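K.L.:
Let me give you the structure first, and then I'll get to my questions.
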Amino acid sequence: MDKTFKILLVFVPITLIAKFFDVSSIVIFILSAFAIIPLAKFIGEATEELTVYTGPALGGFLNATFGNATELIIGIFALQAGLIEVVKASITGSILGNLLLVLGSAIFFGGIKRKEQKFNVTAAKASCSTLLLAVTALVIPAIFLQTSAISSTGGIIEKLSIVVAVIMIFSYFSSLLFSLYTHKHLYTEDVGKYEARWSIKKSTIILFISTVAVAFMSEILVGSIEPLVATFGWTELFIGVIFVAIIGNAAEHTSAITMAIKGKMDLALQIAIGSATQIVMFVAPLLVLISLFFPIKMSLVFNTFELVAIIFSVFVVNSVIEDGESNWFEGIQLIMAYIIMAIAFFFHP
Amino acid sequence: MDKTFKILLVFVPITLIAKFFDVSSIVIFILSAFAIIPLAKFIGEATEELTVYTGPALGGFLNATFGNATELIIGIFALQAGLIEVVKASITGSILGNLLLVLGSAIFFGGIKRKEQKFNVTAAKASCSTLLLAVTALVIPAIFLQTSAISSTGGIIEKLSIVVAVIMIFSYFSSLLFSLYTHKHLYTEDVGKYEARWSIKKSTIILFISTVAVAFMSEILVGSIEPLVATFGWTELFIGVIFVAIIGNAAEHTSAITMAIKGKMDLALQIAIGSATQIVMFVAPLLVLISLFFPIKMSLVFNTFELVAIIFSVFVVNSVIEDGESNWFEGIQLIMAYIIMAIAFFFHP
Amino acid sequence: MDKTFKILLVFVPITLIAKFFDVSSIVIFILSAFAIIPLAKFIGEATEELTVYTGPALGGFLNATFGNATELIIGIFALQAGLIEVVKASITGSILGNLLLVLGSAIFFGGIKRKEQKFNVTAAKASCSTLLLAVTALVIPAIFLQTSAISSTGGIIEKLSIVVAVIMIFSYFSSLLFSLYTHKHLYTEDVGKYEARWSIKKSTIILFISTVAVAFMSEILVGSIEPLVATFGWTELFIGVIFVAIIGNAAEHTSAITMAIKGKMDLALQIAIGSATQIVMFVAPLLVLISLFFPIKMSLVFNTFELVAIIFSVFVVNSVIEDGESNWFEGIQLIMAYIIMAIAFFFHP
């Protein structure tokens, strides 16, 4: 593992100490964020090590679950704290971040030394189709709400959200069946083709410990959001879309960019687009279902601004990808789209 | 012809008897629906037989008119009954049904025994471009209405609808000129390459009788909708989008899926996408023009929910089709999109 | 240069005389429009001549600036007159005009004698991606405004517009770096591959004189718009979208169609799509920044109707282009889309 990530582990005890001495919420937010980043990386590494032993079928399932463990855990604590807007915003931010910032950076940094980078367009387009379906699934409840009389929709929106969430999770497992079993030849083999460095026991222990540690840090992070809103006047929307999303996806971000610089564009695309797809097809609906056990339910209705940002990021990525090659300028375009959206979310009241 | 369809003809007299004894509207709705399905199939067969004699030019025209005779006839009776919402909803439902349910089932059932099914992407994309233009033509009046002061738009929306309808029908005939004359090499020849089994006289008589019978059954079907709304609390929107649309398109549905299972994916695509295109470019604007002779005029303004569903189904199909091959997972995705929309229409107040 | 354009120069003195005798505003509007068309063509020719001497780097910059000089000058005078709606509408109209009317005519007239016209799909798609990014940049402020409480957005929308405008201009210069320097091999060389016919001195003088003359004529044109609105009841929206847009782009229109008829489809696409891209990525944001020096500021917020028209025209063009070949029917479709939109803008209150 990258040495930088190991060094960042020092933030875990620092965060605990800071929390004990009850320092200001902005400091705690930053410290816990830096603590989560290496832990998320450890969860990812341990999961990958385990998949070497389990084979692709169970491995795919492990990846789907623990690959998003950090986002899920942060999401669950935010649900518990009633910060529904933060949860939704961090889902939006994860999608935008992966599709525009991560993919854009990967394409840009991978493209500055090369005229163009080619990749397997069939696999990339398959992911884009899945994303478009996922976006459709998000649009329907939102438009439903907007086109109905407000008084009558309370319970209906909740029911509709649950049904759509179940269908999305079913589709997500269909996509695993597709990519891991019936059509695995379309996907690059690079991911699993390496010797395990850790034993099963070591991997399991690291996975367990880092997951528990992420849970602790996430609770601290989420606890610092409300004071942050009060002190700085930042909205929950902005904190969720930008900061929480980046923290939850930092590990994927660095991998995708590293792969692109090495010229492994297929892998970079798979990480970035795959991560966005997992968030929207699996994490978001799962949080909707989990929220049923909490006092405040989360619906699948995103606000119009979030939805439009998601829709356009999917279209922009689709357009950039469909010729099967990328260049630095396409990277710049994706990054610019992210910056415009981030600034708009910052200004949004 | 399929034996199943012939057996269904027994529902024609049963419907008449049920109507005579004035049984409950839900029973009459179901009986007349089952009666229309084989009659629609007969209209289709008789038209195809006739085109063998007439040659492609007149044949194309016959196909364009009688290929949608059932939808048109049901539409006209619904216009006469003032059920404008049902008419619009059945147009929406025909588009969604053909693009998502029929195409999805064709791709899915065609794909379970094959790794992938290839098809001619140029013809498929040409249809998708036409669909996108058609969608644009539908979006403009709707946005026009939404962005204008309400008081002043009554007459203007009507005028705009008529102009757009005329342009759409003109475009539709241009597309016939393209596909039947100047660029017919792009389209599969399978459709017309068979010996006529019926004589001209037999075809004409069958065409005449089944069209008249469809008219009778449609009047009965439409007459049972209002009591149905009153009794079950289903909305006109839901009845139109799901039931009326499926009844009107049942014949196309079975053909497309049968073709796909036989591996004739080009033909399946042509039927499903072509049918959706005909509905939106020809049936919908023609009904707008026909409605000028009825007391209640129909505009081309669809409600936002219908419009968003149509737009996203076109985008999803476009994305699935553009690589020139399909697999079972793409079929699942289209079917899931249909189910989500159908459920949303069911819940929609 | 085309002789027709030289003859049109006679409208320059005629406009001045008409203005002196204070004839009716509609006559002055038409005369000054006809006077601007050949002057715009002269600016274009002189710029092209100069680029032969300057080399591609400075030439690209000259082209970017003077290629849109007419639109910019008309825009500045309209800003000065406080006709913000006309400026925005003429930007919308330039985009729609180039993407639908010009490209549609080029594809149609180029396609009537040929089965299909092939073109380099990579360059065409790169422009479409840029357009889609530009559209995203326009959508964000508009949705921002619609989803915010009205009271609090005044100053924020202005700030957001400025930031987005700066990012768009930066992206535009990145695209020049891409098309003129790092990836110039993707673009057709036809444009610059000719001997200079004019000396540097002659080119500079012609460029200077025609720019000044365009400025005079634009002031007269803009001055006649308000009386026109009062007399004919046409809206600023309609005048801007249809007339002002066509006047500003007449030179590009004729070139693109001429190239397509000669079979140089790549060049025709480059002019039409490139011109739309320049308007939206450079002229529109530059006018936003210039408006800061005027009493009434222009934001980047287009009205919903304009925005939807722009979005769908980009999608339709994208769909038509992505198979790398065009035919007459695709041309018809684009023209029909333009006509529908033009009629809707005419009726729009």
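Convention: chains lettered A, B, ... in structure tokens order; per-chain residue numbering from 1; ligands numbered from 1 as shown.
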Report as a PyMOL selection string the set of chain C residues whose atoms approach chain A to within 10 Å, with distances computed over only C-alpha atoms.
P.N.:
chain C and resi 121-122+125-126+128-137+139-149+152-153+156-157+159-161+163-165+167-168+170-172+174-179+182-183+315+318+322
K.L.:
Name the residues of segment 76-180 of chain B that come out as alpha helix (DSSP H) in a backbone DSSP run; write them as an MDAnalysis selection string.
P.N.:
chainID B and resid 76:80 84:96 103:111 121:146 154:177
K.L.:
How about saving the chosen residues, C-alpha atoms kept, as a PDB file, in the first residue's frame?
P.N.:
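Listed below is the output, part.pdb:
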```pdb
ATOM      1  CA  ILE B  76     -60.936   8.246 -32.187  1.00  0.00           C
ATOM      2  CA  PHE B  77     -63.611   6.650 -29.991  1.00  0.00           C
ATOM      3  CA  ALA B  78     -61.858   7.965 -26.902  1.00  0.00           C
ATOM      4  CA  LEU B  79     -61.721  11.462 -28.451  1.00  0.00           C
ATOM      5  CA  GLN B  80     -65.436  11.214 -29.197  1.00  0.00           C
ATOM      6  CA  ILE B  84     -58.524  13.266 -23.967  1.00  0.00           C
ATOM      7  CA  GLU B  85     -56.347  12.138 -21.055  1.00  0.00           C
ATOM      8  CA  VAL B  86     -56.851   8.475 -21.980  1.00  0.00           C
ATOM      9  CA  VAL B  87     -55.833   9.178 -25.580  1.00  0.00           C
ATOM     10  CA  LYS B  88     -52.665  10.987 -24.564  1.00  0.00           C
ATOM     11  CA  ALA B  89     -51.876   8.395 -21.929  1.00  0.00           C
ATOM     12  CA  SER B  90     -52.289   5.554 -24.429  1.00  0.00           C
ATOM     13  CA  ILE B  91     -49.881   7.349 -26.791  1.00  0.00           C
ATOM     14  CA  THR B  92     -47.382   7.673 -23.937  1.00  0.00           C
ATOM     15  CA  GLY B  93     -47.953   4.054 -23.003  1.00  0.00           C
ATOM     16  CA  SER B  94     -47.476   2.848 -26.585  1.00  0.00           C
ATOM     17  CA  ILE B  95     -44.117   4.628 -26.758  1.00  0.00           C
ATOM     18  CA  LEU B  96     -42.939   3.359 -23.362  1.00  0.00           C
ATOM     19  CA  LEU B 103     -37.713  -4.077 -26.910  1.00  0.00           C
ATOM     20  CA  GLY B 104     -36.503  -5.096 -23.452  1.00  0.00           C
ATOM     21  CA  SER B 105     -38.293  -8.463 -23.630  1.00  0.00           C
ATOM     22  CA  ALA B 106     -37.020  -9.015 -27.175  1.00  0.00           C
ATOM     23  CA  ILE B 107     -33.438  -8.234 -26.120  1.00  0.00           C
ATOM     24  CA  PHE B 108     -33.746 -10.306 -22.939  1.00  0.00           C
ATOM     25  CA  PHE B 109     -35.376 -13.438 -24.423  1.00  0.00           C
ATOM     26  CA  GLY B 110     -33.185 -13.200 -27.508  1.00  0.00           C
ATOM     27  CA  GLY B 111     -30.132 -12.853 -25.289  1.00  0.00           C
ATOM     28  CA  VAL B 121     -26.587  -0.016 -36.107  1.00  0.00           C
ATOM     29  CA  THR B 122     -27.151   2.534 -38.909  1.00  0.00           C
ATOM     30  CA  ALA B 123     -30.825   1.674 -39.339  1.00  0.00           C
ATOM     31  CA  ALA B 124     -31.367   1.437 -35.577  1.00  0.00           C
ATOM     32  CA  LYS B 125     -29.702   4.817 -34.981  1.00  0.00           C
ATOM     33  CA  ALA B 126     -31.680   6.425 -37.811  1.00  0.00           C
ATOM     34  CA  SER B 127     -34.862   5.391 -36.012  1.00  0.00           C
ATOM     35  CA  CYS B 128     -33.495   6.722 -32.738  1.00  0.00           C
ATOM     36  CA  SER B 129     -32.686  10.093 -34.323  1.00  0.00           C
ATOM     37  CA  THR B 130     -36.230  10.250 -35.669  1.00  0.00           C
ATOM     38  CA  LEU B 131     -37.555   9.413 -32.214  1.00  0.00           C
ATOM     39  CA  LEU B 132     -35.432  12.142 -30.676  1.00  0.00           C
ATOM     40  CA  LEU B 133     -36.764  14.664 -33.188  1.00  0.00           C
ATOM     41  CA  ALA B 134     -40.281  13.481 -32.394  1.00  0.00           C
ATOM     42  CA  VAL B 135     -39.614  13.933 -28.694  1.00  0.00           C
ATOM     43  CA  THR B 136     -38.299  17.427 -29.378  1.00  0.00           C
ATOM     44  CA  ALA B 137     -41.516  18.171 -31.231  1.00  0.00           C
ATOM     45  CA  LEU B 138     -43.487  17.027 -28.160  1.00  0.00           C
ATOM     46  CA  VAL B 139     -41.308  18.933 -25.695  1.00  0.00           C
ATOM     47  CA  ILE B 140     -41.625  22.325 -27.388  1.00  0.00           C
ATOM     48  CA  PRO B 141     -45.417  22.783 -26.904  1.00  0.00           C
ATOM     49  CA  ALA B 142     -45.218  21.477 -23.317  1.00  0.00           C
ATOM     50  CA  ILE B 143     -42.438  23.879 -22.345  1.00  0.00           C
ATOM     51  CA  PHE B 144     -44.218  26.610 -24.279  1.00  0.00           C
ATOM     52  CA  LEU B 145     -47.251  26.154 -22.051  1.00  0.00           C
ATOM     53  CA  GLN B 146     -45.200  26.014 -18.868  1.00  0.00           C
ATOM     54  CA  GLY B 154     -55.586  28.865 -24.840  1.00  0.00           C
ATOM     55  CA  GLY B 155     -55.860  29.567 -28.544  1.00  0.00           C
ATOM     56  CA  ILE B 156     -52.116  29.780 -29.122  1.00  0.00           C
ATOM     57  CA  ILE B 157     -51.421  26.280 -27.805  1.00  0.00           C
ATOM     58  CA  GLU B 158     -54.081  24.939 -30.127  1.00  0.00           C
ATOM     59  CA  LYS B 159     -52.542  26.708 -33.136  1.00  0.00           C
ATOM     60  CA  LEU B 160     -49.048  25.601 -32.170  1.00  0.00           C
ATOM     61  CA  SER B 161     -50.252  22.009 -31.770  1.00  0.00           C
ATOM     62  CA  ILE B 162     -51.760  22.017 -35.251  1.00  0.00           C
ATOM     63  CA  VAL B 163     -48.616  23.445 -36.851  1.00  0.00           C
ATOM     64  CA  VAL B 164     -46.351  20.989 -35.030  1.00  0.00           C
ATOM     65  CA  ALA B 165     -48.701  18.107 -35.914  1.00  0.00           C
ATOM     66  CA  VAL B 166     -48.550  18.986 -39.617  1.00  0.00           C
ATOM     67  CA  ILE B 167     -44.740  19.221 -39.500  1.00  0.00           C
ATOM     68  CA  MET B 168     -44.544  15.846 -37.736  1.00  0.00           C
ATOM     69  CA  ILE B 169     -46.730  14.149 -40.333  1.00  0.00           C
ATOM     70  CA  PHE B 170     -44.635  15.718 -43.092  1.00  0.00           C
ATOM     71  CA  SER B 171     -41.470  14.405 -41.392  1.00  0.00           C
ATOM     72  CA  TYR B 172     -43.085  11.005 -41.069  1.00  0.00           C
ATOM     73  CA  PHE B 173     -43.773  10.806 -44.792  1.00  0.00           C
ATOM     74  CA  SER B 174     -40.194  11.969 -45.406  1.00  0.00           C
ATOM     75  CA  SER B 175     -39.028   9.056 -43.282  1.00  0.00           C
ATOM     76  CA  LEU B 176     -41.136   6.672 -45.400  1.00  0.00           C
ATOM     77  CA  LEU B 177     -39.532   8.135 -48.538  1.00  0.00           C
TER      78      LEU B 177
END
```
K.L.:
Give me the residues within 9 Å of Ala272 of chain B as an MDAnalysis selection string, counting only C-alpha atoms and dropping any in the same chain fewer than 4 places off.
P.N.:
chainID B and resid 97:99 102:103 106 252:253 256 267:268 276:277
K.L.:
Go through segment 102-339 of chain A and collect every residue that DSSP, computed from the backbone, puts in strand (DSSP E or B); the answer should be as a list in words.
P.N.:
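Filtering segment 102-339 of chain A down to strand (DSSP E or B) leaves Gln117, Lys118, Glu325 and Ser326 of chain A.
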K.L.:
Keeping N, CA and C atoms, export the residues of the selection given above as a PDB file, in the first residue's frame.
P.N.:
```
ATOM      1  N   GLN A 117      -5.565   8.066 -25.313  1.00  0.00           N
ATOM      2  CA  GLN A 117      -5.580   6.797 -24.595  1.00  0.00           C
ATOM      3  C   GLN A 117      -6.795   6.014 -25.047  1.00  0.00           C
ATOM      4  N   LYS A 118      -6.553   4.796 -25.522  1.00  0.00           N
ATOM      5  CA  LYS A 118      -7.674   3.986 -25.995  1.00  0.00           C
ATOM      6  C   LYS A 118      -8.200   3.110 -24.858  1.00  0.00           C
ATOM      7  N   GLU A 325     -11.756   6.545 -26.996  1.00  0.00           N
ATOM      8  CA  GLU A 325     -10.439   7.095 -26.703  1.00  0.00           C
ATOM      9  C   GLU A 325     -10.597   8.428 -25.991  1.00  0.00           C
ATOM     10  N   SER A 326      -9.568   8.790 -25.230  1.00  0.00           N
ATOM     11  CA  SER A 326      -9.657  10.030 -24.466  1.00  0.00           C
ATOM     12  C   SER A 326      -8.398  10.854 -24.704  1.00  0.00           C
TER      13      SER A 326
END
```
K.L.:
Mind giving me the straight-line distance from atom CA of Met217 of chain A to atom CA of Ile36 of chain A in Å, one decimal?
P.N.:
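Separation of atom CA of Met217 of chain A and atom CA of Ile36 of chain A: 6.4 Å.
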K.L.:
Hey, what's within 8 Å of Val283 of chain B if we count only C-alpha atoms and toss same-chain stuff fewer than 6 positions away? As a ChimeraX atom specification, please?
P.N.:
/B:68,71-72
K.L.:
Env of Gly223 of chain A: 12 Å cut, atoms = only C-alpha atoms, seq-sep filter 6 positions within chain, self excluded. Answer as a list in words.
P.N.:
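Skipping anything fewer than 6 positions along the chain leaves Lys19, Asp22, Ser24, Ser25, Ile26, Ile28, Phe29, Ser32, Ile74, Phe77, Ala78, Leu79, Gln80, Ala81, Gly82, Leu83, Val86, Phe216, Met217 and Val229 of chain A.
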K.L.:
Just the number, please: distance in Å from atom CA of Ala260 of chain B to atom CA of Phe119 of chain B, one decimal.
P.N.:
10.8 Å
K.L.:
Which is closest to Phe5 of chain A among A:Arg114, A:Ile246, A:Ile205, A:Thr254, if we use only C-alpha atoms?
P.N.:
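Among A:Arg114, A:Ile246, A:Ile205, A:Thr254, it is A:Thr254 that comes nearest to Phe5 of chain A.
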K.L.:
By how many Å are atom CA of Ala251 of chain C and atom CA of Lys41 of chain C apart?
P.N.:
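According to the coordinates, atom CA of Ala251 of chain C and atom CA of Lys41 of chain C are separated by 5.3 Å.
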